[in-house]
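Undergrad: Following this line is protein.cif, made up of mmCIF, C-alpha atoms:
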data_work
loop_
_atom_site.group_PDB
_atom_site.id
_atom_site.type_symbol
_atom_site.label_atom_id
_atom_site.label_comp_id
_atom_site.auth_asym_id
_atom_site.auth_seq_id
_atom_site.Cartn_x
_atom_site.Cartn_y
_atom_site.Cartn_z
ATOM 1 C CA MET A 495 22.144 64.445 15.794
ATOM 2 C CA THR A 496 21.683 67.381 18.121
ATOM 3 C CA GLY A 497 21.497 64.859 20.901
ATOM 4 C CA THR A 498 24.812 63.338 19.861
ATOM 5 C CA THR A 499 26.964 66.382 20.377
ATOM 6 C CA HIS A 500 30.509 65.147 20.923
ATOM 7 C CA HIS A 501 32.368 65.824 24.169
ATOM 8 C CA ARG A 502 35.947 64.617 24.033
ATOM 9 C CA GLY A 503 38.906 65.323 26.250
ATOM 10 C CA THR A 504 42.061 66.812 24.796
ATOM 11 C CA ALA A 505 44.682 65.166 26.957
ATOM 12 C CA ASP A 506 45.746 62.725 24.242
ATOM 13 C CA LEU A 507 45.414 65.090 21.282
ATOM 14 C CA PRO A 508 48.645 66.267 19.639
ATOM 15 C CA HIS A 509 47.857 69.939 19.117
ATOM 16 C CA PRO A 510 45.099 71.235 21.427
ATOM 17 C CA THR A 511 44.328 74.892 20.857
ATOM 18 C CA THR A 512 45.027 76.977 23.929
ATOM 19 C CA ALA A 513 43.915 80.505 24.725
ATOM 20 C CA ASP A 514 47.303 81.717 23.484
ATOM 21 C CA ASP A 515 46.841 79.770 20.221
ATOM 22 C CA ALA A 516 43.437 81.279 19.566
ATOM 23 C CA HIS A 517 44.385 84.749 20.789
ATOM 24 C CA PRO A 518 48.078 85.517 20.163
ATOM 25 C CA ALA A 519 47.644 88.895 21.811
ATOM 26 C CA THR A 520 48.640 89.286 25.438
ATOM 27 C CA THR A 521 46.226 88.632 28.260
ATOM 28 C CA GLU A 522 45.834 92.380 28.739
ATOM 29 C CA ASP A 523 44.942 92.785 25.061
ATOM 30 C CA VAL A 524 42.319 90.023 25.096
ATOM 31 C CA HIS A 525 40.717 90.895 28.403
ATOM 32 C CA PRO A 526 40.416 94.657 28.770
ATOM 33 C CA ALA A 527 39.893 96.075 32.204
ATOM 34 C CA THR A 528 36.347 95.767 33.426
ATOM 35 C CA ALA A 529 35.933 99.133 35.054
ATOM 36 C CA GLU A 530 32.624 100.110 36.562
ATOM 37 C CA GLY A 531 30.005 100.308 33.867
ATOM 38 C CA SER A 532 31.844 98.051 31.404
ATOM 39 C CA HIS A 533 30.761 94.550 30.406
ATOM 40 C CA PRO A 534 33.100 91.784 31.660
ATOM 41 C CA VAL A 535 34.237 89.337 29.015
ATOM 42 C CA THR A 536 32.860 85.868 29.764
ATOM 43 C CA ALA A 537 33.836 82.439 28.450
ATOM 44 C CA GLU A 538 30.778 82.429 26.245
ATOM 45 C CA ASP A 539 31.726 85.812 24.786
ATOM 46 C CA VAL A 540 35.110 84.465 23.719
ATOM 47 C CA HIS A 541 33.979 80.951 22.788
ATOM 48 C CA PRO A 542 30.308 80.915 21.704
ATOM 49 C CA ALA A 543 30.414 77.138 21.279
ATOM 50 C CA THR A 544 30.218 76.821 25.061
ATOM 51 C CA ALA A 545 26.541 77.742 24.910
ATOM 52 C CA ALA A 546 24.125 74.840 24.507
ATOM 53 C CA VAL A 547 22.470 74.273 21.137
ATOM 54 C CA PRO A 548 18.844 75.343 21.541
ATOM 55 C CA ALA A 549 16.250 72.589 21.227
ATOM 56 C CA HIS A 550 14.114 73.256 18.181
ATOM 57 C CA PRO A 551 11.415 71.207 16.417
ATOM 58 C CA GLY A 552 12.944 72.148 13.064
ATOM 59 C CA LEU A 553 16.208 70.459 14.040
ATOM 60 C CA ARG A 554 14.410 67.327 15.183
ATOM 61 C CA ALA A 555 12.401 67.099 11.956
ATOM 62 C CA LEU A 556 15.518 67.621 9.855
ATOM 63 C CA GLU A 557 17.386 64.913 11.769
ATOM 64 C CA ARG A 558 14.595 62.412 11.133
ATOM 65 C CA ARG A 559 14.541 63.223 7.426
ATOM 66 C CA ILE A 560 18.302 62.867 6.877
ATOM 67 C CA GLY A 561 18.894 59.940 9.253
ATOM 68 C CA PRO A 562 18.899 57.080 6.708
ATOM 69 C CA ALA A 563 21.136 58.925 4.218
ATOM 70 C CA ARG A 564 23.588 59.873 6.966
ATOM 71 C CA GLU A 565 23.789 56.301 8.230
ATOM 72 C CA HIS A 566 24.577 55.051 4.724
ATOM 73 C CA VAL A 567 27.580 57.378 4.595
ATOM 74 C CA LEU A 568 28.818 56.535 8.086
ATOM 75 C CA SER A 569 28.570 52.793 7.484
ATOM 76 C CA HIS A 570 30.288 52.884 4.079
ATOM 77 C CA ARG A 571 32.800 50.119 3.365
ATOM 78 C CA VAL A 572 35.498 52.633 2.378
ATOM 79 C CA TYR A 573 36.624 53.152 5.986
ATOM 80 C CA GLY A 574 37.436 49.484 6.437
ATOM 81 C CA GLU A 575 39.329 49.404 3.141
ATOM 82 C CA LEU A 576 42.032 51.844 4.274
ATOM 83 C CA THR A 577 44.437 49.007 4.968
ATOM 84 C CA SER A 578 47.524 50.093 3.008
ATOM 85 C CA LEU A 579 49.486 53.253 2.360
ATOM 86 C CA ARG A 580 48.454 53.230 -1.293
ATOM 87 C CA ARG A 581 44.777 52.979 -0.416
ATOM 88 C CA VAL A 582 45.115 55.878 1.985
ATOM 89 C CA ALA A 583 46.760 57.875 -0.821
ATOM 90 C CA VAL A 584 43.854 57.109 -3.187
ATOM 91 C CA PHE A 585 41.438 58.251 -0.475
ATOM 92 C CA GLN A 586 43.370 61.510 -0.056
ATOM 93 C CA GLU A 587 43.571 62.161 -3.806
ATOM 94 C CA HIS A 588 39.757 62.178 -3.898
ATOM 95 C CA HIS A 589 38.943 63.623 -0.494
ATOM 96 C CA VAL A 590 41.208 66.675 -0.822
ATOM 97 C CA PHE A 591 38.649 68.164 -3.226
ATOM 98 C CA ALA A 592 35.988 67.832 -0.524
ATOM 99 C CA VAL A 593 38.346 69.671 1.833
ATOM 100 C CA TRP A 594 38.698 72.464 -0.736
ATOM 101 C CA ASP A 595 34.987 72.823 -1.472
ATOM 102 C CA PHE A 596 34.233 72.776 2.260
ATOM 103 C CA MET A 597 36.288 75.983 2.513
ATOM 104 C CA SER A 598 34.281 77.511 -0.331
ATOM 105 C CA LEU A 599 30.991 76.586 1.346
ATOM 106 C CA LEU A 600 32.276 78.129 4.579
ATOM 107 C CA LYS A 601 33.323 81.348 2.834
ATOM 108 C CA SER A 602 29.979 81.611 1.053
ATOM 109 C CA LEU A 603 28.289 81.638 4.472
ATOM 110 C CA GLN A 604 30.734 84.194 5.820
ATOM 111 C CA ARG A 605 30.112 86.386 2.774
ATOM 112 C CA ASP A 606 26.341 86.420 3.393
ATOM 113 C CA LEU A 607 26.376 86.539 7.198
ATOM 114 C CA THR A 608 29.008 89.275 7.567
ATOM 115 C CA CYS A 609 30.223 92.267 5.613
ATOM 116 C CA THR A 610 33.254 91.390 3.502
ATOM 117 C CA ASP A 611 32.986 94.384 1.149
ATOM 118 C CA LEU A 612 34.071 97.993 1.298
ATOM 119 C CA PRO A 613 32.791 100.305 2.626
ATOM 120 C CA TRP A 614 31.956 98.228 5.695
ATOM 121 C CA VAL A 615 28.420 98.242 7.078
ATOM 122 C CA PRO A 616 26.887 96.050 9.789
ATOM 123 C CA GLN A 617 25.399 92.950 8.182
ATOM 124 C CA GLY A 618 23.861 89.667 9.261
ATOM 125 C CA PRO A 619 22.350 88.361 12.500
ATOM 126 C CA SER A 620 24.737 89.066 15.364
ATOM 127 C CA VAL A 621 25.078 85.524 16.751
ATOM 128 C CA SER A 622 25.633 83.895 13.362
ATOM 129 C CA ARG A 623 28.067 86.670 12.458
ATOM 130 C CA ARG A 624 30.241 85.790 15.446
ATOM 131 C CA LEU A 625 29.938 82.036 14.965
ATOM 132 C CA ILE A 626 30.898 81.990 11.284
ATOM 133 C CA ASN A 627 33.911 84.189 11.994
ATOM 134 C CA GLU A 628 35.003 81.855 14.815
ATOM 135 C CA ILE A 629 34.776 78.845 12.519
ATOM 136 C CA THR A 630 36.599 80.633 9.696
ATOM 137 C CA LEU A 631 39.424 81.665 12.025
ATOM 138 C CA ALA A 632 40.235 78.038 12.831
ATOM 139 C CA GLU A 633 39.654 76.622 9.353
ATOM 140 C CA GLU A 634 41.658 79.278 7.532
ATOM 141 C CA SER A 635 44.434 80.003 10.056
ATOM 142 C CA ASP A 636 44.539 77.339 12.754
ATOM 143 C CA ALA A 637 47.393 77.099 15.245
ATOM 144 C CA PHE A 638 49.603 74.167 14.292
ATOM 145 C CA GLY A 639 53.103 73.480 15.522
ATOM 146 C CA ASP A 640 54.937 76.788 15.751
ATOM 147 C CA GLY A 641 52.726 78.678 13.317
ATOM 148 C CA TYR A 642 49.371 78.931 11.598
ATOM 149 C CA THR A 643 47.909 77.230 8.547
ATOM 150 C CA SER A 644 44.616 76.483 6.847
ATOM 151 C CA HIS A 645 43.271 72.976 7.181
ATOM 152 C CA PHE A 646 43.349 72.657 3.400
ATOM 153 C CA GLU A 647 47.079 73.403 3.270
ATOM 154 C CA LEU A 648 47.681 71.010 6.154
ATOM 155 C CA TYR A 649 45.830 68.303 4.237
ATOM 156 C CA VAL A 650 47.913 68.821 1.095
ATOM 157 C CA ASP A 651 51.068 68.611 3.201
ATOM 158 C CA ALA A 652 49.775 65.348 4.686
ATOM 159 C CA MET A 653 49.267 64.046 1.143
ATOM 160 C CA ARG A 654 52.882 64.767 0.253
ATOM 161 C CA ARG A 655 54.096 62.899 3.320
ATOM 162 C CA THR A 656 51.864 59.947 2.487
ATOM 163 C CA GLY A 657 53.115 59.846 -1.094
ATOM 164 C CA ALA A 658 49.757 60.764 -2.648
ATOM 165 C CA ASP A 659 49.614 62.576 -5.996
ATOM 166 C CA THR A 660 49.067 66.297 -5.297
ATOM 167 C CA GLY A 661 49.308 67.232 -8.985
ATOM 168 C CA PRO A 662 45.538 67.440 -9.694
ATOM 169 C CA ILE A 663 44.665 69.544 -6.629
ATOM 170 C CA GLU A 664 47.633 71.863 -7.166
ATOM 171 C CA SER A 665 46.736 72.251 -10.835
ATOM 172 C CA PHE A 666 43.099 72.900 -9.879
ATOM 173 C CA VAL A 667 44.055 75.679 -7.437
ATOM 174 C CA ALA A 668 46.496 77.189 -9.969
ATOM 175 C CA LEU A 669 43.733 77.348 -12.579
ATOM 176 C CA LEU A 670 41.458 79.104 -10.089
ATOM 177 C CA ARG A 671 44.216 81.600 -9.239
ATOM 178 C CA ASP A 672 44.489 82.370 -12.941
ATOM 179 C CA GLY A 673 40.811 83.334 -13.039
ATOM 180 C CA ASN A 674 39.273 80.166 -14.456
ATOM 181 C CA SER A 675 35.841 79.037 -13.317
ATOM 182 C CA VAL A 676 35.428 76.060 -11.012
ATOM 183 C CA THR A 677 33.783 74.126 -13.849
ATOM 184 C CA LYS A 678 36.694 74.746 -16.218
ATOM 185 C CA ALA A 679 39.300 74.015 -13.520
ATOM 186 C CA LEU A 680 37.647 70.675 -12.737
ATOM 187 C CA LYS A 681 37.722 69.815 -16.427
ATOM 188 C CA TYR A 682 41.386 70.653 -17.105
ATOM 189 C CA ALA A 683 43.098 69.698 -13.829
ATOM 190 C CA ASP A 684 42.859 65.917 -14.317
ATOM 191 C CA VAL A 685 40.660 65.584 -11.241
ATOM 192 C CA PRO A 686 39.515 62.031 -10.381
ATOM 193 C CA PRO A 687 35.996 61.723 -11.907
ATOM 194 C CA GLY A 688 34.293 60.902 -8.604
ATOM 195 C CA ALA A 689 35.904 63.889 -6.905
ATOM 196 C CA ALA A 690 34.996 66.154 -9.823
ATOM 197 C CA GLU A 691 31.339 65.115 -9.620
ATOM 198 C CA PHE A 692 31.255 65.660 -5.873
ATOM 199 C CA THR A 693 32.862 69.105 -6.123
ATOM 200 C CA ALA A 694 30.516 70.114 -8.948
ATOM 201 C CA ALA A 695 27.525 69.144 -6.795
ATOM 202 C CA THR A 696 28.806 71.212 -3.869
ATOM 203 C CA TRP A 697 29.555 74.147 -6.132
ATOM 204 C CA ASP A 698 25.998 74.037 -7.461
ATOM 205 C CA VAL A 699 24.766 74.446 -3.877
ATOM 206 C CA ILE A 700 27.222 77.295 -3.246
ATOM 207 C CA ALA A 701 26.265 79.098 -6.451
ATOM 208 C CA HIS A 702 22.504 78.629 -6.437
ATOM 209 C CA ALA A 703 21.094 77.521 -3.066
ATOM 210 C CA PRO A 704 19.639 80.083 -0.633
ATOM 211 C CA LEU A 705 21.418 80.848 2.622
ATOM 212 C CA HIS A 706 19.344 78.499 4.807
ATOM 213 C CA CYS A 707 20.042 75.537 2.505
ATOM 214 C CA ARG A 708 23.777 76.236 2.476
ATOM 215 C CA ALA A 709 23.765 76.561 6.258
ATOM 216 C CA ALA A 710 21.976 73.207 6.543
ATOM 217 C CA ALA A 711 24.467 71.518 4.196
ATOM 218 C CA PHE A 712 27.310 73.003 6.220
ATOM 219 C CA ALA A 713 25.890 71.892 9.578
ATOM 220 C CA PHE A 714 24.634 68.419 8.716
ATOM 221 C CA GLY A 715 26.264 67.480 5.427
ATOM 222 C CA ARG A 716 29.740 68.532 6.497
ATOM 223 C CA GLU A 717 30.469 69.747 10.037
ATOM 224 C CA ASP A 718 28.239 67.365 11.986
ATOM 225 C CA LEU A 719 29.374 64.460 9.826
ATOM 226 C CA ILE A 720 33.129 64.981 10.055
ATOM 227 C CA PRO A 721 33.759 63.774 13.648
ATOM 228 C CA ASP A 722 31.949 60.457 13.189
ATOM 229 C CA MET A 723 33.461 59.899 9.748
ATOM 230 C CA PHE A 724 37.004 60.718 10.789
ATOM 231 C CA GLN A 725 36.810 58.556 13.905
ATOM 232 C CA ARG A 726 36.731 55.600 11.537
ATOM 233 C CA VAL A 727 39.617 56.805 9.378
ATOM 234 C CA THR A 728 41.965 57.232 12.354
ATOM 235 C CA GLY A 729 42.012 53.448 12.642
ATOM 236 C CA ILE A 730 44.317 53.100 9.614
ATOM 237 C CA ALA A 731 47.276 50.810 10.262
ATOM 238 C CA GLY A 732 50.927 50.779 9.189
ATOM 239 C CA ALA A 733 53.440 53.338 7.929
ATOM 240 C CA GLN A 734 52.928 55.438 11.046
ATOM 241 C CA GLU A 735 55.658 57.968 10.299
ATOM 242 C CA ARG A 736 54.392 58.768 6.796
ATOM 243 C CA LEU A 737 50.825 59.004 8.060
ATOM 244 C CA ALA A 738 51.612 61.153 11.098
ATOM 245 C CA THR A 739 50.560 64.494 9.577
ATOM 246 C CA PHE A 740 47.374 62.987 8.152
ATOM 247 C CA LYS A 741 46.461 61.597 11.563
ATOM 248 C CA ASP A 742 47.199 64.983 13.148
ATOM 249 C CA TYR A 743 44.782 66.532 10.646
ATOM 250 C CA LEU A 744 42.083 63.970 11.436
ATOM 251 C CA VAL A 745 42.478 64.259 15.203
ATOM 252 C CA ARG A 746 42.341 68.055 14.979
ATOM 253 C CA HIS A 747 39.068 67.838 13.082
ATOM 254 C CA ILE A 748 37.592 65.363 15.524
ATOM 255 C CA GLU A 749 38.461 67.667 18.392
ATOM 256 C CA LEU A 750 37.500 70.945 16.752
ATOM 257 C CA ASP A 751 34.404 69.922 14.815
ATOM 258 C CA GLY A 752 32.961 67.652 17.483
ATOM 259 C CA ASP A 753 33.475 69.945 20.439
ATOM 260 C CA ALA A 754 33.120 73.386 18.875
ATOM 261 C CA HIS A 755 32.134 73.750 15.240
ATOM 262 C CA THR A 756 29.141 71.413 15.211
ATOM 263 C CA PRO A 757 27.372 73.281 18.055
ATOM 264 C CA MET A 758 28.243 76.568 16.347
ATOM 265 C CA ALA A 759 26.864 75.411 12.994
ATOM 266 C CA LEU A 760 23.646 74.182 14.613
ATOM 267 C CA ARG A 761 23.128 77.453 16.467
ATOM 268 C CA MET A 762 23.598 79.327 13.189
ATOM 269 C CA LEU A 763 21.066 77.113 11.465
ATOM 270 C CA VAL A 764 18.465 77.682 14.184
ATOM 271 C CA GLU A 765 18.957 81.442 13.957
ATOM 272 C CA ILE A 766 18.739 81.436 10.146
ATOM 273 C CA CYS A 767 15.709 79.130 9.797
ATOM 274 C CA GLY A 768 13.838 80.203 12.906
ATOM 275 C CA ASP A 769 10.276 78.873 12.892
ATOM 276 C CA ASP A 770 9.948 78.797 9.102
ATOM 277 C CA ARG A 771 8.907 75.209 8.306
ATOM 278 C CA GLU A 772 9.542 75.654 4.605
ATOM 279 C CA LYS A 773 13.156 76.653 5.240
ATOM 280 C CA TRP A 774 13.690 73.611 7.465
ATOM 281 C CA ALA A 775 12.155 71.314 4.851
ATOM 282 C CA GLN A 776 14.235 72.794 2.030
ATOM 283 C CA GLY A 777 17.341 72.557 4.182
ATOM 284 C CA ALA A 778 16.651 68.883 4.868
ATOM 285 C CA GLU A 779 16.392 68.084 1.157
ATOM 286 C CA THR A 780 19.663 69.895 0.491
ATOM 287 C CA VAL A 781 21.370 67.833 3.193
ATOM 288 C CA VAL A 782 20.001 64.571 1.806
ATOM 289 C CA GLU A 783 21.400 65.430 -1.627
ATOM 290 C CA ALA A 784 24.753 66.370 -0.093
ATOM 291 C CA LEU A 785 24.906 63.045 1.735
ATOM 292 C CA ARG A 786 24.053 61.162 -1.441
ATOM 293 C CA ALA A 787 26.893 62.983 -3.199
ATOM 294 C CA ARG A 788 29.214 61.959 -0.370
ATOM 295 C CA GLN A 789 28.045 58.350 -0.740
ATOM 296 C CA ALA A 790 28.889 58.490 -4.447
ATOM 297 C CA LEU A 791 32.325 59.944 -3.648
ATOM 298 C CA TRP A 792 33.060 57.079 -1.265
ATOM 299 C CA ASP A 793 31.869 54.615 -3.926
ATOM 300 C CA ALA A 794 34.390 56.139 -6.332
ATOM 301 C CA VAL A 795 37.212 55.929 -3.768
ATOM 302 C CA SER A 796 36.358 52.298 -3.049
ATOM 303 C CA ALA A 797 36.323 51.418 -6.750
ATOM 304 C CA SER A 798 39.648 53.197 -7.349
ATOM 305 C CA SER A 799 41.241 51.385 -4.399
ATOM 306 C CA ALA A 800 40.261 47.908 -5.539
ATOM 307 C CA GLY A 801 43.290 45.692 -6.070
ATOM 308 C CA ARG A 802 45.750 48.219 -4.547
#
Give the structure from this file in structure tokens form.
TA:
Amino acid sequence: MTGTTHHRGTADLPHPTTADDAHPATTEDVHPATAEGSHPVTAEDVHPATAAVPAHPGLRALERRIGPAREHVLSHRVYGELTSLRRVAVFQEHHVFAVWDFMSLLKSLQRDLTCTDLPWVPQGPSVSRRLINEITLAEESDAFGDGYTSHFELYVDAMRRTGADTGPIESFVALLRDGNSVTKALKYADVPPGAAEFTAATWDVIAHAPLHCRAAAFAFGREDLIPDMFQRVTGIAGAQERLATFKDYLVRHIELDGDAHTPMALRMLVEICGDDREKWAQGAETVVEALRARQALWDAVSASSAGR
């Protein structure tokens, strides 16, 4: 997996992020003068993903352990079944909950790797602190069109354009805003059963797993998986205009996760686990369970799509 880091050009992508997108401030604001004695800002300072992922025996062992489970997910029949607009809508109605819980997993890492409380104090390893903030910036407020949006909100907008039912996810978020627990919101929002089970499994990791296990699930159960998985989904045919926003979302993830966020997530994991074999082993088991939950989610989507 580390050896399959994605390198894709951006010439044919609809919304490549430029320096101005990532840093709306002026050039003078982003790059202060480098007077004698100051440290010049380098490309790696601004974009840590440009640094190579360090080779580590823990990564190699984890990759071997999760390989079969990951291949089962990537070879699932659900990708080939996205042959009609209605089937794409069914996929979205389930998958949107994975998009939401991905944001919660991300924020749980940011909470533990940085200081998000008041009064502020320095917290977390410095490299991981920078990396998780870089990832959060794009996921929560990415440049899109003439403005900024979270990838979750972009996905829900894509659902509306497709004609998918956004009622359950909107009801779920409304219940959370009103102070209900995730468990209660999943119960009362009329969430598709397969999506509810998947989200409950992720939430159990968020609520109870140690930092290194959550970082492993984020790197290998989610971020490293997304580019390969979404490459398959972008092959959907028909109804191009109604699917345009969904395809923009998928292409953005392929670009961003493959070229930037996967290397960042792997570097974080190496820093967090270090040379602790027990942490690497526990992380691997967490990833395997996450991949099995994803397999079950795809099974549920496939079953719900049958005959549509």
Undergrad: I'd like the residues picked by the PyMOL selection byres ((chain A and resi 631) around 12) written out as a PyMOL selection string, using the chain letters and numbers from the file.
TA: chain A and resi 515-517+597+600-601+604+624-630+632-637+642-645+750+755
Undergrad: Which residue out of A:Val781, A:Val745, A:Met758, A:Ala775 has the minimum interatomic distance to Arg623 (chain A) when all atoms listed in the file are used?
TA: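 Once distances to Arg623 (chain A) are computed over all atoms listed in the file, the minimum belongs to A:Met758.
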Undergrad: Which of these residues is nearest to Ala592 (chain A), using all atoms listed in the file: A:Gly752, A:Gly688, A:Pro613, A:Pro757?
TA: A:Gly688
Undergrad: Can you tell me which residues surround Trp697 (chain A) at a distance of at most 9 Å, considering all atoms listed in the file, apart from same-chain residues fewer than 3 positions away, and format the answer as a list in words?
TA: Asp595, Ser598, Leu599, Val676, Thr677, Phe692, Thr693, Ala694, Ile700, Ala701 and His702 of chain A
Undergrad: Let me make sure I understand: among A:Ala668, A:Ala652, A:Leu568, A:Leu603, which one has the smallest atom-to-atom distance to Gln586 (chain A) if we use all atoms listed in the file?
TA: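 Comparing A:Ala668, A:Ala652, A:Leu568, A:Leu603 against Gln586 (chain A), the winner is A:Ala652.
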